[in-house]
Amino acid sequence: MRHARRRIVRRGTRAAALGGLLLGGLMVTQALASEPSGAQTPGGTPAQSASRTGTTLVSRLGTSRTAGSWIADDGTSVVAVTDSAAAAEVKAAGARPKVVRHSMDQLKSATHTLSSAPKVAGTAWAVDYRTNQVVVEADSSVSASDWSRMKRLAGGMGDFVRMQRTQGRFTTRVNGAQPVFSTGGRCSAGYNVTKGQTEFILTAGHCGPGGTLWFSDNTGQTQLGRTVTSEFPGGGDFSLIRYENGQQTPGDNVVAIGGGRGVRITAAGDPVVGEKVFRSGSTSGLHDGEVTALGATVNYPEGTVTGLIQTTVCAEPGDSGGPLFSEGIALGVTSGGSGDCQTGGTTFFQPLTDAMTALGVQLTGQSQSGTSAAPAPSASAAQGAAIAPGSAAPGSAAPGAVQQMGATDSADGLLSRLTDPRNIGPGLLVIAGSLIALVATRYIRAEQDRNAYRRAYSGTWG
């Protein structure tokens, strides 16, 4: 009976060890599959690289024969053209032509007419390259009479102007990533930038006018800096917060993605219609979506802002100023929009390159020529928002790669690493433990057999 129990225990131990080997192998495989590939894309994100062909063709053919370009779902660059000769040239260049009725000159003429009319708060418009239309939206605050007036105006411009209502209200998002506080409310830090030897945070202009004092905590105990310049409303929505004298020099831009983890941002770029993008803010955290239009105009209650990026990413009050990015490339800061992250909505962003040019600044970690001082960004996705200076050591992770933020020896940090499905460590531990169990089982069985032989031999001796 005792031997039978031993056999059952041994068999159960072997089965558990074999199961552990299979489980550990699966954990390691999943972790490796979820890790960044490490492939380098010197030209920026894959979408931006693919878009260069379309941008070049639009520039070569001119706005009278084209109507924009975008990235299709399969990653191909698509160019809208107005004649067959232009279509042939696009196809010969390796892009996909789409013949449309209206040129960019015609579409832009419609937006100029809308901009010249009396402004109606709660409305927005942008050129939709993919449908070859100017899309005019009105939120729930627009009255029936104002909407009727705008419809009459649009009716006189042609059938390529599409009017539609949207849920919620177009508002700025004061109240991202890492929160910053003032007497006027809460916003989100965007990116660390420099001008000469001076360090700044670049965030949304509507967060506060020049002179606004900012704190890194909601008790007002730790002063962060003061707004030195701000643009809102008008031709943009951006501002600079200058760090206080004596503030530690910021390292490279590292953006938070939750769980104490961050991603390096090493370059700024321009978005592409159809590109998948990420946004992070201190209210709603990390969310993704797609770029739907460029050069959008939004009539906020505070005034009109032009030249914005339109996306399907959601945002909520407090997310203002938080970064928009893709594949380690910084694209913009959160301006405003409609909806929320439960029902979805439309969010607009200030293009980062436009703001940096207007302010005469560059991303911290970039050379004076505007190129990253670090290696080219990784092809892995980057998500998050700018953190306070000194939160991560410069060069501690590859561009676009995930790294730990802050202290790494805390219990919470250890737990997050052990439970992270992208960490191969737990899987390797399971495999090692299973191998030890298998070896121990074979050793114990051999030892038991030797002991049984000795007992049988001694029982027959003399």
# chains A, B, ... in the order shown; residues from 1 in each chain; ligands from 1

call {"tool": "residues_around", "arguments": {"residues": "range 188-195 of chain A", "least_positions_apart": "6", "cutoff": "7 Å", "atoms": "only C-alpha atoms", "output": "PyMOL selection string"}}
result
chain A and resi 176-180+201-203+253+281-282+318-323+333+360-364+385-386

call {"tool": "residues_around", "arguments": {"residues": "Asp105 in chain A", "least_positions_apart": "3", "cutoff": "8 Å", "atoms": "only C-alpha atoms", "output": "PDB file with N, CA and C atoms, in the first residue's frame"}}
result
ATOM      1  N   THR A  63      -1.884  71.628 -55.914  1.00  0.00           N
ATOM      2  CA  THR A  63      -3.192  71.555 -55.251  1.00  0.00           C
ATOM      3  C   THR A  63      -4.365  71.685 -56.208  1.00  0.00           C
ATOM      4  N   SER A  64      -4.113  72.037 -57.461  1.00  0.00           N
ATOM      5  CA  SER A  64      -5.210  72.103 -58.431  1.00  0.00           C
ATOM      6  C   SER A  64      -5.506  70.731 -59.044  1.00  0.00           C
ATOM      7  N   ALA A  67      -5.945  66.387 -54.011  1.00  0.00           N
ATOM      8  CA  ALA A  67      -6.810  66.778 -52.885  1.00  0.00           C
ATOM      9  C   ALA A  67      -6.392  66.040 -51.614  1.00  0.00           C
ATOM     10  N   LYS A 108     -10.292  74.062 -50.053  1.00  0.00           N
ATOM     11  CA  LYS A 108      -9.780  75.141 -49.209  1.00  0.00           C
ATOM     12  C   LYS A 108     -10.586  76.423 -49.397  1.00  0.00           C
ATOM     13  N   SER A 109     -11.099  76.647 -50.588  1.00  0.00           N
ATOM     14  CA  SER A 109     -11.937  77.820 -50.820  1.00  0.00           C
ATOM     15  C   SER A 109     -13.171  77.780 -49.927  1.00  0.00           C
TER      16      SER A 109
END

call {"tool": "closest_residue", "arguments": {"among": "A:Met150, A:Ala315, A:Leu352, A:Leu324", "to": "Ser239 in chain A", "atoms": "only C-alpha atoms"}}
result
A:Leu352

call {"tool": "closest_residue", "arguments": {"among": "A:Ser434, A:Gln164, A:Asn132, A:Ser284", "to": "Asp340 in chain A", "atoms": "only C-alpha atoms"}}
result
A:Ser284

call {"tool": "select_by_dssp", "arguments": {"residues": "range 106-337 of chain A", "states": "alpha helix (DSSP H)", "output": "PyMOL selection string"}}
result
chain A and resi 106-116+144-155

call {"tool": "closest_residue", "arguments": {"among": "A:Ala267, A:Ala330, A:Ala154, A:Ala358", "to": "Gly235 in chain A", "atoms": "only C-alpha atoms"}}
result
A:Ala358

call {"tool": "atom_distance", "arguments": {"atom1": "CA of Ser148 in chain A", "atom2": "CA of Ala121 in chain A"}}
result
14.3 Å

call {"tool": "closest_residue", "arguments": {"among": "A:Val255, A:Ala138, A:Ile431, A:Cys207", "to": "Gly25 in chain A", "atoms": "only C-alpha atoms"}}
result
A:Ile431
